[in-house]
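Quick look at coords10.cif (mmCIF, C-alpha atoms):
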data_query
#
loop_
_atom_site.label_atom_id
_atom_site.label_comp_id
_atom_site.auth_asym_id
_atom_site.auth_seq_id
_atom_site.Cartn_x
_atom_site.Cartn_y
_atom_site.Cartn_z
CA MET T 205 -20.87 -22.01 25.21
CA LEU T 206 -22.31 -21.14 21.79
CA LEU T 207 -20.78 -18.09 20.17
CA ARG T 208 -22.98 -15.39 18.68
CA GLN T 209 -22.71 -15.00 14.93
CA ASP T 210 -20.95 -11.63 15.24
CA ASP T 211 -18.27 -13.26 17.41
CA GLN T 212 -17.95 -16.17 14.98
CA ASP T 213 -17.36 -13.76 12.08
CA GLN T 214 -14.68 -11.87 13.99
CA ILE T 215 -12.91 -15.05 15.06
CA ALA T 216 -13.05 -16.54 11.56
CA TYR T 217 -11.46 -13.41 10.04
CA HIS T 218 -9.09 -12.81 13.02
CA VAL T 219 -10.37 -9.25 13.53
CA THR T 220 -11.90 -7.38 16.47
CA SER T 221 -14.86 -5.27 15.43
CA ASN T 222 -15.52 -1.84 16.88
CA LEU T 223 -19.24 -2.40 17.30
CA THR T 224 -19.85 0.88 19.12
CA SER T 225 -19.21 2.75 15.88
CA TYR T 226 -21.28 0.27 13.86
CA HIS T 227 -24.32 0.60 16.14
CA GLY T 228 -23.92 4.38 16.33
CA PHE T 229 -23.95 4.64 12.55
CA ASN T 230 -27.05 2.47 12.21
CA GLU T 231 -28.91 4.46 14.84
CA ARG T 232 -28.09 7.75 13.13
CA PHE T 233 -28.45 6.79 9.46
CA LYS T 234 -30.82 3.84 9.21
CA LYS T 235 -33.82 5.98 8.19
CA ILE T 236 -31.73 8.03 5.75
CA LEU T 237 -30.40 4.87 4.09
CA GLU T 238 -33.93 3.52 3.72
CA ALA T 239 -35.46 6.78 2.48
CA PHE T 240 -32.72 7.44 -0.07
CA ASN T 241 -31.93 3.88 -1.06
CA ASP T 242 -32.22 4.62 -4.79
CA GLU T 243 -29.91 7.60 -4.47
CA PHE T 244 -27.31 5.54 -2.58
CA GLN T 245 -27.46 2.84 -5.25
CA LEU T 246 -27.00 5.38 -8.04
CA LEU T 247 -24.10 7.01 -6.22
CA SER T 248 -22.53 3.57 -5.77
CA CYS T 249 -22.78 2.91 -9.51
CA ASN T 250 -21.15 6.26 -10.21
CA MET T 251 -18.34 5.43 -7.80
CA PHE T 252 -17.66 2.13 -9.55
CA ASP T 253 -17.74 3.90 -12.92
CA TYR T 254 -15.33 6.55 -11.64
CA PHE T 255 -12.84 3.90 -10.61
CA ASP T 256 -13.19 1.97 -13.87
CA ASP T 257 -12.73 5.14 -15.93
CA SER T 258 -9.75 6.42 -13.96
CA LYS T 259 -7.79 3.24 -13.19
CA GLN T 260 -4.41 2.56 -14.72
CA PRO T 261 -4.69 1.02 -18.21
CA THR T 262 -2.84 -2.23 -18.93
CA GLU T 263 -0.75 -0.45 -21.57
CA GLU T 264 0.48 2.06 -18.99
CA PHE T 265 1.32 -0.72 -16.52
CA ASP T 266 3.33 -2.51 -19.22
CA ARG T 267 5.32 0.66 -19.98
CA LYS T 268 6.12 1.08 -16.29
CA MET T 269 7.31 -2.52 -16.00
CA ASP T 270 9.43 -2.04 -19.10
CA LEU T 271 11.09 1.00 -17.49
CA CYS T 272 11.87 -1.10 -14.39
CA TYR T 273 13.38 -3.79 -16.60
CA GLN T 274 15.47 -1.21 -18.45
CA LEU T 275 16.72 0.37 -15.20
CA LYS T 276 17.75 -3.06 -13.93
CA ASN T 277 19.69 -3.81 -17.12
CA ILE T 278 21.48 -0.46 -17.27
CA ILE T 279 22.56 -0.53 -13.63
CA SER T 280 23.71 -4.16 -13.92
CA LYS T 281 25.66 -3.43 -17.09
CA HIS T 282 27.78 -0.75 -15.40
CA ASN T 283 27.92 -2.25 -11.90
CA SER T 284 28.38 -5.97 -12.37
CA THR T 285 29.33 -6.60 -8.71
CA TRP T 286 26.12 -5.12 -7.31
CA LEU T 287 23.68 -7.65 -5.86
CA PHE T 288 20.38 -5.81 -6.14
CA ASN T 289 16.91 -5.85 -7.57
CA ILE T 290 14.58 -3.22 -9.01
CA VAL T 291 11.22 -3.54 -7.24
CA PRO T 292 8.11 -1.60 -8.30
CA THR T 293 5.89 -0.88 -5.30
CA GLY T 294 2.84 1.16 -4.38
CA SER T 295 -0.34 1.63 -6.36
CA THR T 296 1.22 0.54 -9.66
CA VAL T 297 1.30 -3.07 -8.48
CA THR T 298 -1.56 -3.11 -5.95
CA GLY T 299 -4.45 -2.64 -8.36
CA LEU T 300 -5.26 0.82 -6.98
CA ALA T 301 -3.35 2.92 -9.51
CA THR T 302 -5.10 5.59 -11.56
CA LYS T 303 -4.14 6.85 -15.01
CA ASN T 304 -0.80 8.68 -15.08
CA SER T 305 -0.06 7.89 -11.44
CA ASP T 306 3.55 7.90 -10.26
CA LEU T 307 5.72 4.81 -10.41
CA ASP T 308 7.53 4.08 -7.14
CA VAL T 309 10.65 1.98 -7.56
CA ALA T 310 13.03 0.66 -4.92
CA ILE T 311 16.62 -0.32 -5.59
CA HIS T 312 16.74 -3.16 -3.08
CA ILE T 313 20.38 -3.72 -2.17
CA PRO T 314 20.99 -5.28 1.28
CA GLN T 315 24.56 -6.00 0.11
CA ALA T 316 25.36 -2.30 0.65
CA ALA T 317 24.46 -2.52 4.35
CA LYS T 318 26.71 -5.55 4.79
CA LEU T 319 29.56 -3.70 3.09
CA LEU T 320 29.17 -0.72 5.42
CA GLU T 321 29.16 -3.00 8.44
CA GLU T 322 32.43 -4.58 7.32
CA MET T 323 34.05 -1.21 6.55
CA HIS T 324 32.90 0.55 9.75
CA SER T 325 32.65 -2.22 12.33
CA ASP T 326 34.00 0.09 15.05
CA ILE T 327 31.02 2.50 14.87
CA TYR T 328 28.34 0.49 13.06
CA HIS T 329 26.67 -0.58 16.31
CA ILE T 330 25.90 3.08 17.17
CA GLU T 331 22.46 3.85 15.71
CA GLU T 332 23.18 7.48 14.89
CA GLU T 333 26.40 6.58 13.08
CA ARG T 334 24.77 3.68 11.26
CA ASN T 335 21.95 5.93 10.04
CA ARG T 336 24.51 8.48 8.84
CA LEU T 337 26.44 5.81 6.95
CA TRP T 338 23.27 4.41 5.39
CA ARG T 339 22.09 7.81 4.26
CA GLY T 340 25.48 8.53 2.68
CA MET T 341 25.48 5.20 0.85
CA GLN T 342 21.92 5.67 -0.40
CA LEU T 343 22.84 9.11 -1.73
CA GLU T 344 25.94 7.71 -3.45
CA ILE T 345 23.92 4.97 -5.17
CA LEU T 346 21.33 7.48 -6.42
CA GLN T 347 24.09 9.74 -7.75
CA ILE T 348 25.58 6.81 -9.65
CA VAL T 349 22.17 6.01 -11.14
CA ARG T 350 21.71 9.64 -12.18
CA LEU T 351 25.06 9.59 -13.99
CA LEU T 352 24.04 6.41 -15.80
CA LEU T 353 20.80 8.02 -16.96
CA GLU T 354 22.74 11.03 -18.26
CA ASN T 355 25.39 9.04 -20.11
CA ASP T 356 24.07 5.65 -21.19
CA GLU T 357 22.72 5.94 -24.73
CA GLN T 358 20.38 2.97 -24.24
CA ILE T 359 18.23 4.79 -21.69
CA LYS T 360 19.23 8.45 -22.16
CA SER T 361 16.76 8.94 -24.99
CA ARG T 362 13.89 7.75 -22.84
CA ILE T 363 14.32 10.52 -20.24
CA ASP T 364 12.56 13.86 -20.65
CA TRP T 365 15.57 16.10 -20.15
CA SER T 366 13.48 19.27 -20.28
CA LYS T 367 12.32 18.24 -16.81
CA GLY T 368 15.71 16.86 -15.80
CA VAL T 369 16.50 14.18 -13.23
CA GLN T 370 16.11 15.59 -9.74
CA LEU T 371 17.79 14.27 -6.62
CA VAL T 372 15.55 15.06 -3.64
CA GLN T 373 17.29 14.79 -0.27
CA ALA T 374 14.26 14.60 2.01
CA GLN T 375 13.72 12.17 4.88
CA ILE T 376 13.62 9.47 2.22
CA GLN T 377 16.06 10.36 -0.55
CA ILE T 378 14.66 9.83 -4.03
CA LEU T 379 15.64 10.31 -7.63
CA LYS T 380 12.75 11.85 -9.57
CA ILE T 381 12.63 10.84 -13.23
CA GLU T 382 10.18 11.76 -15.96
CA THR T 383 10.19 9.85 -19.22
CA VAL T 384 9.29 11.15 -22.66
CA ASP T 385 6.21 8.90 -22.65
CA GLY T 386 4.91 10.53 -19.47
CA ILE T 387 5.97 8.22 -16.63
CA ASP T 388 6.81 10.03 -13.38
CA CYS T 389 9.13 7.69 -11.52
CA ASP T 390 10.48 8.04 -7.96
CA VAL T 391 13.52 5.85 -7.29
CA SER T 392 14.63 5.14 -3.73
CA VAL T 393 17.31 2.90 -2.22
CA VAL T 394 16.41 0.29 0.40
CA MET T 395 19.23 -1.50 2.22
CA ASP T 396 17.18 -3.39 4.80
CA PRO T 397 16.70 -7.10 4.03
CA PHE T 398 12.95 -6.55 4.59
CA LEU T 399 11.45 -4.40 1.84
CA SER T 400 8.32 -3.18 3.63
CA SER T 401 6.83 -1.34 0.65
CA MET T 402 6.87 -4.55 -1.39
CA HIS T 403 5.19 -6.62 1.33
CA ASN T 404 2.59 -3.90 1.96
CA SER T 405 1.86 -3.76 -1.76
CA PHE T 406 1.42 -7.54 -1.84
CA MET T 407 -1.10 -7.38 1.02
CA ILE T 408 -3.06 -4.52 -0.57
CA ARG T 409 -3.16 -6.29 -3.94
CA HIS T 410 -4.84 -9.30 -2.33
CA PHE T 411 -7.38 -7.12 -0.55
CA ALA T 412 -8.26 -5.63 -3.95
CA CYS T 413 -8.90 -9.17 -5.21
CA ILE T 414 -10.93 -10.25 -2.15
CA ASP T 415 -13.67 -7.63 -2.39
CA ALA T 416 -14.65 -5.59 -5.46
CA ARG T 417 -15.61 -2.59 -3.30
CA PHE T 418 -12.15 -2.12 -1.78
CA ALA T 419 -10.29 -0.53 -4.72
CA PRO T 420 -13.14 1.85 -5.72
CA LEU T 421 -13.58 2.90 -2.09
CA CYS T 422 -9.85 3.67 -1.88
CA ALA T 423 -10.06 5.68 -5.13
CA VAL T 424 -13.02 7.75 -3.90
CA VAL T 425 -11.48 8.31 -0.46
CA LYS T 426 -8.15 9.42 -1.94
CA GLN T 427 -9.69 11.86 -4.43
CA TRP T 428 -12.07 13.24 -1.78
CA ALA T 429 -9.14 13.60 0.61
CA ALA T 430 -6.95 15.29 -1.99
CA SER T 431 -9.58 17.88 -2.91
CA SER T 432 -10.45 18.67 0.72
CA GLY T 433 -6.93 18.83 2.17
CA VAL T 434 -7.28 15.65 4.24
CA LYS T 435 -4.59 14.14 2.00
CA ASN T 436 -1.76 16.64 2.25
CA PRO T 437 1.24 15.21 4.14
CA LYS T 438 3.44 18.27 3.59
CA GLU T 439 0.87 20.47 5.35
CA GLY T 440 -0.02 18.05 8.13
CA GLY T 441 -2.57 15.74 6.48
CA PHE T 442 -2.51 12.03 5.71
CA ASN T 443 -0.39 10.55 2.96
CA SER T 444 -1.79 8.21 0.32
CA TYR T 445 -0.57 5.00 1.98
CA ALA T 446 -2.09 5.99 5.33
CA LEU T 447 -5.48 6.58 3.67
CA VAL T 448 -5.40 3.06 2.19
CA ILE T 449 -4.54 1.70 5.64
CA LEU T 450 -7.50 3.62 7.10
CA VAL T 451 -9.79 2.01 4.51
CA ILE T 452 -8.41 -1.47 5.30
CA HIS T 453 -8.86 -0.99 9.03
CA PHE T 454 -12.40 0.26 8.53
CA LEU T 455 -13.32 -2.73 6.36
CA GLN T 456 -11.80 -5.08 8.94
CA CYS T 457 -12.99 -3.52 12.19
CA GLY T 458 -15.48 -0.73 11.42
CA ALA T 459 -17.81 -2.29 8.87
CA TYR T 460 -19.94 -5.18 10.12
CA PRO T 461 -19.94 -8.01 9.24
CA PRO T 462 -16.21 -7.61 8.53
CA ILE T 463 -15.39 -7.35 4.84
CA LEU T 464 -11.63 -7.90 4.87
CA PRO T 465 -9.79 -10.56 6.89
CA HIS T 466 -6.44 -10.47 8.67
CA LEU T 467 -4.36 -12.24 6.03
CA SER T 468 -1.19 -12.64 8.08
CA LYS T 469 -3.02 -14.55 10.81
CA LEU T 470 -5.14 -16.59 8.42
CA TYR T 471 -2.09 -17.80 6.50
CA LYS T 472 0.59 -17.61 9.18
CA ASP T 473 1.81 -21.17 8.57
CA ASP T 474 1.83 -21.00 4.77
CA ASN T 475 4.94 -18.86 4.13
CA PHE T 476 2.66 -16.78 1.92
CA ILE T 477 2.58 -13.30 3.45
CA ALA T 478 4.82 -11.47 5.92
CA GLN T 479 4.14 -11.73 9.64
CA ASN T 480 6.53 -8.90 10.53
CA ASP T 481 9.89 -7.52 9.41
CA LEU T 482 11.73 -10.58 10.72
CA GLN T 483 9.41 -13.35 9.55
CA TYR T 484 8.48 -13.15 5.89
CA PRO T 485 8.65 -15.11 2.62
CA LEU T 486 11.81 -14.44 0.63
CA ARG T 487 9.87 -14.51 -2.63
CA LEU T 488 6.45 -13.03 -3.41
CA ASP T 489 4.34 -14.02 -6.37
CA PHE T 490 1.93 -11.14 -7.02
CA GLY T 491 -0.10 -13.32 -9.35
CA ALA T 492 -0.52 -16.23 -6.94
CA PRO T 493 -3.95 -16.93 -5.42
CA LEU T 494 -4.53 -17.30 -1.70
CA PRO T 495 -3.20 -20.62 -0.37
CA ARG T 496 -6.76 -21.75 0.40
CA PRO T 497 -10.25 -20.20 0.33
CA LEU T 498 -11.22 -17.64 2.93
CA PRO T 499 -13.41 -18.88 5.80
CA THR T 500 -17.14 -18.38 5.37
CA VAL T 501 -18.56 -15.40 7.26
CA SER T 502 -21.82 -13.47 7.14
CA ALA T 503 -22.01 -11.43 3.95
CA ASN T 504 -21.84 -7.65 4.18
CA HIS T 505 -24.21 -6.29 1.54
CA SER T 506 -23.58 -2.58 2.13
CA SER T 507 -23.42 -0.53 -1.03
CA LEU T 508 -20.22 1.27 -1.94
CA ALA T 509 -21.81 4.66 -1.18
CA GLN T 510 -23.00 3.45 2.21
CA LEU T 511 -19.49 2.19 3.01
CA PHE T 512 -18.09 5.61 2.12
CA LEU T 513 -20.54 7.33 4.45
CA GLU T 514 -19.85 4.76 7.15
CA PHE T 515 -16.09 5.32 6.68
CA LEU T 516 -16.59 9.06 7.28
CA HIS T 517 -18.65 8.41 10.39
CA TYR T 518 -16.15 5.87 11.75
CA TYR T 519 -13.23 8.30 11.63
CA LEU T 520 -15.23 11.32 12.74
CA LYS T 521 -16.02 9.39 15.92
CA PHE T 522 -12.59 7.79 16.27
CA ASP T 523 -10.65 9.18 19.23
CA PHE T 524 -7.12 9.22 17.84
CA HIS T 525 -5.71 10.65 21.07
CA MET T 526 -7.07 7.78 23.16
CA TYR T 527 -6.74 4.89 20.72
CA PHE T 528 -4.47 3.72 17.95
CA ILE T 529 -5.06 1.42 15.02
CA SER T 530 -3.18 -1.86 15.25
CA MET T 531 -2.92 -3.32 11.78
CA ARG T 532 -0.72 -6.03 13.26
CA ASP T 533 -3.68 -7.34 15.31
CA ALA T 534 -6.61 -5.93 13.30
CA MET T 535 -8.11 -4.02 16.22
CA ILE T 536 -7.91 -0.73 18.09
CA LYS T 537 -5.83 -0.37 21.25
CA ASN T 538 -5.46 2.17 24.02
CA ARG T 539 -2.51 4.51 23.41
CA GLN T 540 -2.15 5.57 27.03
CA GLN T 541 -2.06 2.03 28.40
CA SER T 542 0.16 0.45 25.77
CA MET T 543 3.46 -0.97 26.95
CA ASN T 544 4.82 -1.08 23.41
CA PRO T 545 7.92 1.19 23.34
CA THR T 546 7.21 2.26 19.73
CA VAL T 547 3.72 3.41 20.72
CA LYS T 548 5.15 5.29 23.70
CA ASN T 549 7.73 7.03 21.53
CA GLU T 550 4.94 8.26 19.24
CA ILE T 551 2.66 9.48 22.05
CA GLN T 552 3.05 13.13 20.96
CA LYS T 553 1.88 12.36 17.43
CA GLU T 554 -1.72 13.25 16.61
CA VAL T 555 -2.26 9.86 15.00
CA TYR T 556 -0.55 6.54 15.63
CA ILE T 557 -1.12 3.62 13.28
CA GLU T 558 0.78 0.41 13.84
CA ASP T 559 1.97 -0.66 10.40
CA PRO T 560 1.11 -4.22 9.34
CA PHE T 561 4.74 -5.31 9.25
CA ASP T 562 7.37 -2.82 10.42
CA ALA T 563 7.79 -0.19 13.13
CA HIS T 564 7.00 3.00 11.21
CA ASN T 565 3.85 5.02 11.86
CA PRO T 566 1.85 5.64 8.63
CA GLY T 567 -0.05 8.42 10.44
CA ARG T 568 3.08 10.33 11.40
CA THR T 569 2.48 13.17 8.90
CA VAL T 570 -0.72 14.36 10.63
CA ARG T 571 -0.01 17.45 12.71
CA SER T 572 -3.56 18.53 13.51
CA LEU T 573 -6.86 16.68 13.42
CA HIS T 574 -8.99 19.83 13.54
CA HIS T 575 -9.25 20.34 9.78
CA ILE T 576 -9.61 16.62 9.11
CA LYS T 577 -12.49 16.24 11.56
CA LYS T 578 -14.16 19.35 10.14
CA VAL T 579 -14.02 17.97 6.60
CA LEU T 580 -15.38 14.62 7.80
CA LYS T 581 -18.30 16.40 9.46
CA ASP T 582 -18.95 18.65 6.46
CA THR T 583 -19.02 15.68 4.12
CA ILE T 584 -21.37 13.71 6.37
CA ASN T 585 -23.71 16.69 6.55
CA MET T 586 -24.08 16.54 2.77
CA PHE T 587 -26.03 13.28 3.31
CA ILE T 588 -28.36 14.66 6.02
CA PRO T 589 -31.64 16.30 4.94
CA VAL T 590 -33.28 19.09 6.92
CA PRO T 591 -34.75 17.54 10.09
CA ASN T 592 -38.41 17.73 11.16
CA GLU T 593 -39.75 17.41 7.63
CA ASP T 594 -41.82 14.49 6.38
CA ILE T 595 -40.03 12.11 4.04
CA ASP T 596 -41.76 13.33 0.88
CA THR T 597 -40.81 16.93 1.64
CA GLN T 598 -37.26 15.87 2.46
CA LYS T 599 -36.87 14.03 -0.82
CA ARG T 600 -38.38 16.90 -2.78
CA ASN T 601 -36.27 19.64 -1.20
CA PHE T 602 -33.03 17.81 -0.44
CA HIS T 603 -30.04 17.84 -2.79
CA PHE T 604 -28.55 14.37 -2.38
CA PRO T 605 -24.79 14.64 -3.02
CA THR T 606 -23.49 13.72 -6.43
CA LEU T 607 -20.11 12.09 -6.95
CA ASP T 608 -18.67 15.42 -8.09
CA ASP T 609 -19.92 17.03 -4.85
CA ILE T 610 -17.83 14.46 -2.96
CA LEU T 611 -14.75 14.27 -5.15
CA PHE T 612 -14.43 18.05 -5.47
CA MET T 613 -15.45 19.27 -2.05
CA ALA T 614 -16.84 22.76 -1.57
CA THR T 615 -15.30 25.08 1.00
CA PRO T 616 -15.71 23.93 4.62
CA ASN T 617 -18.52 26.26 5.74
CA SER T 618 -20.87 25.46 2.87
CA TYR T 619 -23.03 22.99 4.76
CA PRO T 620 -25.23 23.29 7.88
CA GLU T 621 -24.00 21.86 11.15
CA ALA T 622 -26.62 19.11 11.09
CA PHE T 623 -24.21 16.67 12.67
CA GLU T 624 -23.05 19.00 15.46
CA GLU T 625 -25.42 17.63 18.10
CA GLN T 626 -24.12 14.11 17.53
CA ASP T 627 -20.42 14.93 17.84
CA ASN T 628 -19.74 13.82 21.39
CA GLU T 629 -22.14 10.94 21.84
CA ILE T 630 -19.65 8.22 20.92
CA GLN T 631 -16.28 9.95 21.12
CA ASN T 632 -15.60 9.17 24.79
CA GLU T 633 -17.28 5.79 25.06
CA GLU T 634 -15.26 2.60 25.48
CA PRO T 635 -15.45 0.80 22.13
CA SER T 636 -17.60 -2.30 22.22
CA THR T 637 -16.20 -5.53 20.83
CA SER T 638 -19.24 -7.70 21.55
CA ASP T 639 -18.47 -10.48 24.04
CA ILE T 640 -14.69 -10.08 23.76
CA PRO T 641 -13.19 -9.05 27.15
CA PRO T 642 -12.28 -5.33 27.46
CA ASN T 643 -8.62 -6.06 28.18
CA VAL T 644 -8.19 -7.25 24.60
CA ILE T 645 -8.17 -3.63 23.41
CA SER T 646 -5.97 -2.20 26.15
#
The structure in this file should be written as structure tokens.
Amino acid sequence: MLLRQDDQDQIAYHVTSNLTSYHGFNERFKKILEAFNDEFQLLSCNMFDYFDDSKQPTEEFDRKMDLCYQLKNIISKHNSTWLFNIVPTGSTVTGLATKNSDLDVAIHIPQAAKLLEEMHSDIYHIEEERNRLWRGMQLEILQIVRLLLENDEQIKSRIDWSKGVQLVQAQIQILKIETVDGIDCDVSVVMDPFLSSMHNSFMIRHFACIDARFAPLCAVVKQWAASSGVKNPKEGGFNSYALVILVIHFLQCGAYPPILPHLSKLYKDDNFIAQNDLQYPLRLDFGAPLPRPLPTVSANHSSLAQLFLEFLHYYLKFDFHMYFISMRDAMIKNRQQSMNPTVKNEIQKEVYIEDPFDAHNPGRTVRSLHHIKKVLKDTINMFIPVPNEDIDTQKRNFHFPTLDDILFMATPNSYPEAFEEQDNEIQNEEPSTSDIPPNVIS
């Protein structure tokens, strides 16, 4: 049997497209995209310019790497028996960082976990006790590092002591450092052999290299989300990492033809990228190219501005209570029918996202979708002219959103409910995945 081209593209990239959302978007916005093509192209150019103007300069990256090198040397000098590494993670190394963004650093020291297991073999097998021991060890290591920063003359002068060095004992304990040259650095301790933040950063960096629209789209989404309250993990919104994951999933399964592939499945036999937290390369080269060229698929020519609008539509229509995003399989799956114990344990969470490599839920910070959905709808309505007017009248009277309108959102009730009538037309439908059997997404 001959496969349709849309199936061939999905198979080649190892993704399962949510074609219901794709067709719903085209039906709703095809005429708007055609009528305002010039405006979408201009907005796209402005989005690219925004990213280019705001991205982390090479000089800033070099200063951050130098701080990592200095931390490694100082800790090694005073603790010669420690087997550890200093690993920069997050946006600094992914290609998504903006000017003056934080530097996330992990002290990766699996040796500490082995030491605890030897010292407390009688209770180490009890999860609650093991977690308590780990947390105590992580705190002790951070306290040692803080003392080194306060007393070692080689690095002491680099710290901005007017801000101090703060030890934050949250769910993830961190040491907050600010340098005199303006680097905000968060240091954590990771004792697992698998350093998930490093492997996630490696994956994201390659996505930034695969398609030039990915990094600017992430930058626009994150700034839009920050200004509108969608990105606000302390108050029940998404965190920055989750937003990047949402962009990746959209570009794999929401946009069509798919823009990003499933790298772990494409290169599963190359020891190039992690498969999960048990099967992964021991060494990552962030400068290495892909082991071989990506398979050829149909080109997606959507402009950056169109992809942003399509992103908004995709998640406005996404039923987070019924479905979850599986980054592990590059598809959506049914939450209620899943036999995965991790999914079941997270059933009370508003959002469940299966991380690409480990068991944590990047969407765990979301406590209510009401505000998020409202902002999505309000932003979409900015792109919808008054109905029942001819095209010339629409173009004459309609204020097409500028980049500032998007990046610095007005208050929620500023826009008409032009999208209200469309709200439920896709929400409860079974997502279509072309000719792929329905049980694939169960």
Could I get the residues of range 389-458 of chain T with an atom no further than 9 Å from an atom of range 577-590 of chain T, each paired with its nearest atom pair and that distance in Å to one decimal, using only C-alpha atoms, sorted by chain and residue number, as a Markdown table?
| residue | atom | partner | partner_atom | distance |
| --- | --- | --- | --- | --- |
| T:Ala429 | CA | T:Val579 | CA | 8.9 |
| T:Ser432 | CA | T:Val579 | CA | 6.9 |
| T:Gly433 | CA | T:Val579 | CA | 8.4 |
| T:Val434 | CA | T:Val579 | CA | 7.5 |
Skipping near chain neighbours, those fewer than 3 positions away, what residues fall within 12 Å of Tyr471 in chain T using all atoms listed in the file, listed as a list in words?
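Close residues of Tyr471 in chain T: Tyr217, His218, Met407, Pro465, His466, Leu467, Ser468, Asp474, Asn475, Phe476, Ile477, Ala478, Gln479, Tyr484, Pro485, Leu494, Pro495, Arg496, Pro497, Leu498 and Pro499 of chain T.
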Calculate how many Å separate CA of Ser542 in chain T from CA of Gln214 in chain T, rounding to one decimal.
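Those two atoms sit 22.6 Å apart.
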List the residues matched by the PyMOL selection byres ((chain T and resi 234-241) around 9) in the displayed structure as a PyMOL selection string, ordered by chain and then by residue number.
chain T and resi 229-233+242-246+510+587-589+595+599+604
Explicit residues for the PyMOL selection byres ((chain T and resi 524-537) around 9) (as a PyMOL selection string):
chain T and resi 218-222+449-450+452-453+456-457+465-466+468-469+479-480+519+522-523+538-542+547+551+553-561+573+632+635+644-646
